[in-house]
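Input: a single structure, listed below in C-alpha cells.
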Amino acid sequence: MNVMSTSKWFVSPKTNRQAGFRLFCFPYAGGSASIYRLWGERTANLEVCAVELPGRGLRLSEQLYTGMEPLTEAMLKAIEPMLDKPFAFFGHSMGALIAFEVARLLKRTCLRQPTQLFLSGHGAPHIRSDKKPVHLLEEKEFVERLKTLNGTPLEVLQNEELMEFVGPIIRADFAITETYSFRAGEVLDCPITVFNGVHDADVSFYDLAQWRSYTYGAFQTSLFPGDHFYLHGHYDKLCRLIEQQLLVQCLEPVS
C-alpha cells in the first residue's frame, strides 16, 4: 500500500488519479488502513484512501486517540487538502461514527461535504448501548468480550505477548466510541446508505434505520449474510455497490 504524499493519515492501496471519486475508508476498533488493502483493486472509478489512525501501521510510535472530538478535529486538518475532487466516506463500526462526525464537522466549517456517506455496522449516533464499556473491562473479561465480537483472530487473543501490543489499541478505540456524547446539530445534505451483516447480534435493523433522520437526502439500507464483520467476506460486492451509487449521483440532474 502506498502512503499518499499529502498526509500520513491516508494510505492508498492502488493509486488511481483518473478516478472520478475519492472514497475515504475509516477502520473499525483495533483496525488499520490494511483492512481496505484490496478495495482499490475492485473499482475503476474510485480512488480508495484508507484512513490510518495514530498508533498503528506506519504510525505505530504515535499516541493513540481516546476521544472523538480531538480525533475529528485532527482529521479535519488532514483531510482538507484531499477534497479537490468529489469524495465519499465509508466507515465500519467505530469508523462509521468517525465518518459521520467528520462529515458534520465539514458542514459546520463550510467546507465541501461528501457526495455520499456509507455507514456500516453501527446504529444511529443517538442510540446508546446498555452493555458494560469494553475499554474498562478487566483483561480476562476484555478478551472474552472480543471473542464474542469475532473481529480479532483467536490466535491473537490467546497470545499474551500479542495482546500486550494490540490490547491498548483496541481499548483506546473502544474508548472513542464509548465516551462519545452525541450532540444534536447538523443534518447532512448528502445521501446516506447503511450496510450491515444480517446476523449482527449488537446492531439491530431498527438501530440502522434511525440513521434516516440525519440526512435531507436519500436513504437506504442493505444487509449482507454474516455477522458484525460481514464486510471481510463481501468487500467485492460492497465496492461495486458503492461505485454504482456514486455513479448514479453523477447522472442525477441538479434541481
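Residue numbering restarts at 1 for every chain of the C-alpha cells, chains are lettered A, B, ... in their displayed order, and ligands are numbered from 1 as they appear.
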
Sorted by chain and rising residue number, which residues of region 123-207 of chain A lie within 12 Å of region 70-78 of chain A, and what are their closest atom pairs and distances in Å to one decimal, counting only C-alpha atoms, as CSV?
residue,atom,partner,partner_atom,distance
A:Ala172,CA,A:Leu71,CA,11.7
A:Asp173,CA,A:Leu71,CA,10.7
A:Ala175,CA,A:Leu71,CA,11.9
A:Ile176,CA,A:Leu71,CA,8.7
A:Thr177,CA,A:Leu71,CA,11.3
A:Tyr180,CA,A:Pro70,CA,11.3

Against region 207-211 of chain A, which residues of region 118-186 of chain A fall within 12 Å? For each one I want the closest pair of atoms and the distance in Å (one decimal), counting only C-alpha atoms, rows by chain and increasing residue number, as a tab-separated table.
residue	atom	partner	partner_atom	distance
A:Phe118	CA	A:Trp211	CA	10.9
A:Leu119	CA	A:Trp211	CA	9.0
A:Ser120	CA	A:Leu208	CA	8.6
A:Gly121	CA	A:Leu208	CA	8.2
A:His122	CA	A:Leu208	CA	6.8
A:Gly123	CA	A:Asp207	CA	4.4
A:Ala124	CA	A:Trp211	CA	4.8
A:Pro125	CA	A:Trp211	CA	7.8
A:His126	CA	A:Gln210	CA	8.8
A:Ile127	CA	A:Asp207	CA	7.2
A:Arg128	CA	A:Asp207	CA	9.9
A:Ser129	CA	A:Asp207	CA	10.7

Write the residues of the selection above to a file with C-alpha atoms, as a PDB file, in the first residue's frame.
ATOM      1  CA  PHE A 118     -21.734   4.876   3.516  1.00  0.00           C
ATOM      2  CA  LEU A 119     -22.088   3.690   7.121  1.00  0.00           C
ATOM      3  CA  SER A 120     -21.651   0.099   8.185  1.00  0.00           C
ATOM      4  CA  GLY A 121     -22.048  -1.937  11.361  1.00  0.00           C
ATOM      5  CA  HIS A 122     -23.160   0.880  13.667  1.00  0.00           C
ATOM      6  CA  GLY A 123     -26.520   2.172  14.797  1.00  0.00           C
ATOM      7  CA  ALA A 124     -27.527   5.829  14.675  1.00  0.00           C
ATOM      8  CA  PRO A 125     -25.393   8.075  16.924  1.00  0.00           C
ATOM      9  CA  HIS A 126     -28.086   8.878  19.491  1.00  0.00           C
ATOM     10  CA  ILE A 127     -28.580   5.188  20.345  1.00  0.00           C
ATOM     11  CA  ARG A 128     -26.542   4.210  23.378  1.00  0.00           C
ATOM     12  CA  SER A 129     -25.506   0.700  24.357  1.00  0.00           C
TER      13      SER A 129
END

(message) Excluding Arg59 (chain A) and its own-chain neighbours fewer than 2 positions away, which residues fall within 12 Å of it when counting only C-alpha atoms? Please give them as a PyMOL selection string.
(response) chain A and resi 3+7-11+32-33+51-57+61-64

Next, dump the selected residues to file, keeping only N, CA and C atoms, as a short mmCIF file (atom, residue, chain, number, x, y, z; two decimals), in the first residue's frame.
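Generated file (again33.cif):
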data_model
loop_
_atom_site.label_atom_id
_atom_site.label_comp_id
_atom_site.auth_asym_id
_atom_site.auth_seq_id
_atom_site.Cartn_x
_atom_site.Cartn_y
_atom_site.Cartn_z
N VAL A 3 1.56 5.15 0.91
CA VAL A 3 1.15 6.28 1.71
C VAL A 3 0.98 7.47 0.77
N SER A 7 -0.43 13.29 3.10
CA SER A 7 -0.70 13.12 4.52
C SER A 7 -0.41 11.71 5.00
N LYS A 8 0.11 11.61 6.21
CA LYS A 8 0.34 10.31 6.83
C LYS A 8 -0.97 9.66 7.27
N TRP A 9 -2.05 10.42 7.23
CA TRP A 9 -3.35 9.92 7.65
C TRP A 9 -3.99 8.97 6.62
N PHE A 10 -3.51 8.98 5.40
CA PHE A 10 -4.17 8.24 4.34
C PHE A 10 -3.22 7.32 3.59
N VAL A 11 -3.70 6.12 3.32
CA VAL A 11 -2.94 5.13 2.59
C VAL A 11 -3.77 4.69 1.40
N SER A 32 -6.70 -1.07 11.09
CA SER A 32 -5.78 -0.11 10.46
C SER A 32 -6.16 0.05 9.00
N ALA A 33 -5.38 0.82 8.28
CA ALA A 33 -5.65 1.04 6.86
C ALA A 33 -5.59 -0.26 6.06
N VAL A 51 -7.98 5.29 5.84
CA VAL A 51 -7.55 6.12 6.96
C VAL A 51 -6.64 5.33 7.89
N GLU A 52 -5.48 5.89 8.17
CA GLU A 52 -4.54 5.28 9.12
C GLU A 52 -4.50 6.13 10.37
N LEU A 53 -5.12 5.63 11.44
CA LEU A 53 -5.14 6.37 12.70
C LEU A 53 -3.80 6.22 13.41
N PRO A 54 -3.45 7.18 14.27
CA PRO A 54 -2.21 7.07 15.03
C PRO A 54 -2.17 5.81 15.89
N GLY A 55 -0.96 5.28 16.08
CA GLY A 55 -0.78 4.14 16.97
C GLY A 55 -0.81 2.79 16.29
N ARG A 56 -0.83 2.77 14.95
CA ARG A 56 -0.84 1.51 14.21
C ARG A 56 -0.21 1.71 12.84
N GLY A 57 0.08 0.60 12.16
CA GLY A 57 0.67 0.70 10.83
C GLY A 57 1.97 1.50 10.86
N SER A 61 4.38 4.57 16.40
CA SER A 61 5.00 5.27 17.52
C SER A 61 4.18 6.46 18.02
N GLU A 62 3.12 6.79 17.31
CA GLU A 62 2.32 7.97 17.68
C GLU A 62 1.30 7.63 18.76
N GLN A 63 0.92 8.65 19.51
CA GLN A 63 -0.01 8.47 20.62
C GLN A 63 -1.42 8.15 20.12
N LEU A 64 -2.06 7.20 20.78
CA LEU A 64 -3.42 6.81 20.44
C LEU A 64 -4.42 7.89 20.87
#

(message) Can you tell me, as a ChimeraX atom specification, which residues in region 30-177 of chain A count as alpha helix (DSSP H) by DSSP?
(response) /A:68-79,94-108,139-149,154-157,160-177

(message) When you look at region 195-201 of chain A with a cut-off of 9 Å (counting only C-alpha atoms), what residues show up, excluding the ones that are within fewer than 3 positions of it in the same chain? I need them as a VMD selection string.
(response) chain A and resid 92 118 to 122 149 204 to 205 208 220 to 231 238

(message) Would you compute the distance between CA of Tyr216 (chain A) and CA of Gln244 (chain A)? Give it in Å to one decimal.
(response) 20.7 Å

(request) Would you please give, as a ChimeraX atom specification, all residues of region 6-253 of chain A that DSSP assigns to strand (DSSP E or B) based on the backbone? (result) /A:10-12,21-26,46-51,87-92,117-120,188,192-197,215,219-224

(request) In Å, rounded to a single decimal, give me how far CA of Glu80 (chain A) is from CA of Met68 (chain A). (result)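 Result for CA of Met68 (chain A) versus CA of Glu80 (chain A): 18.1 Å, one decimal.
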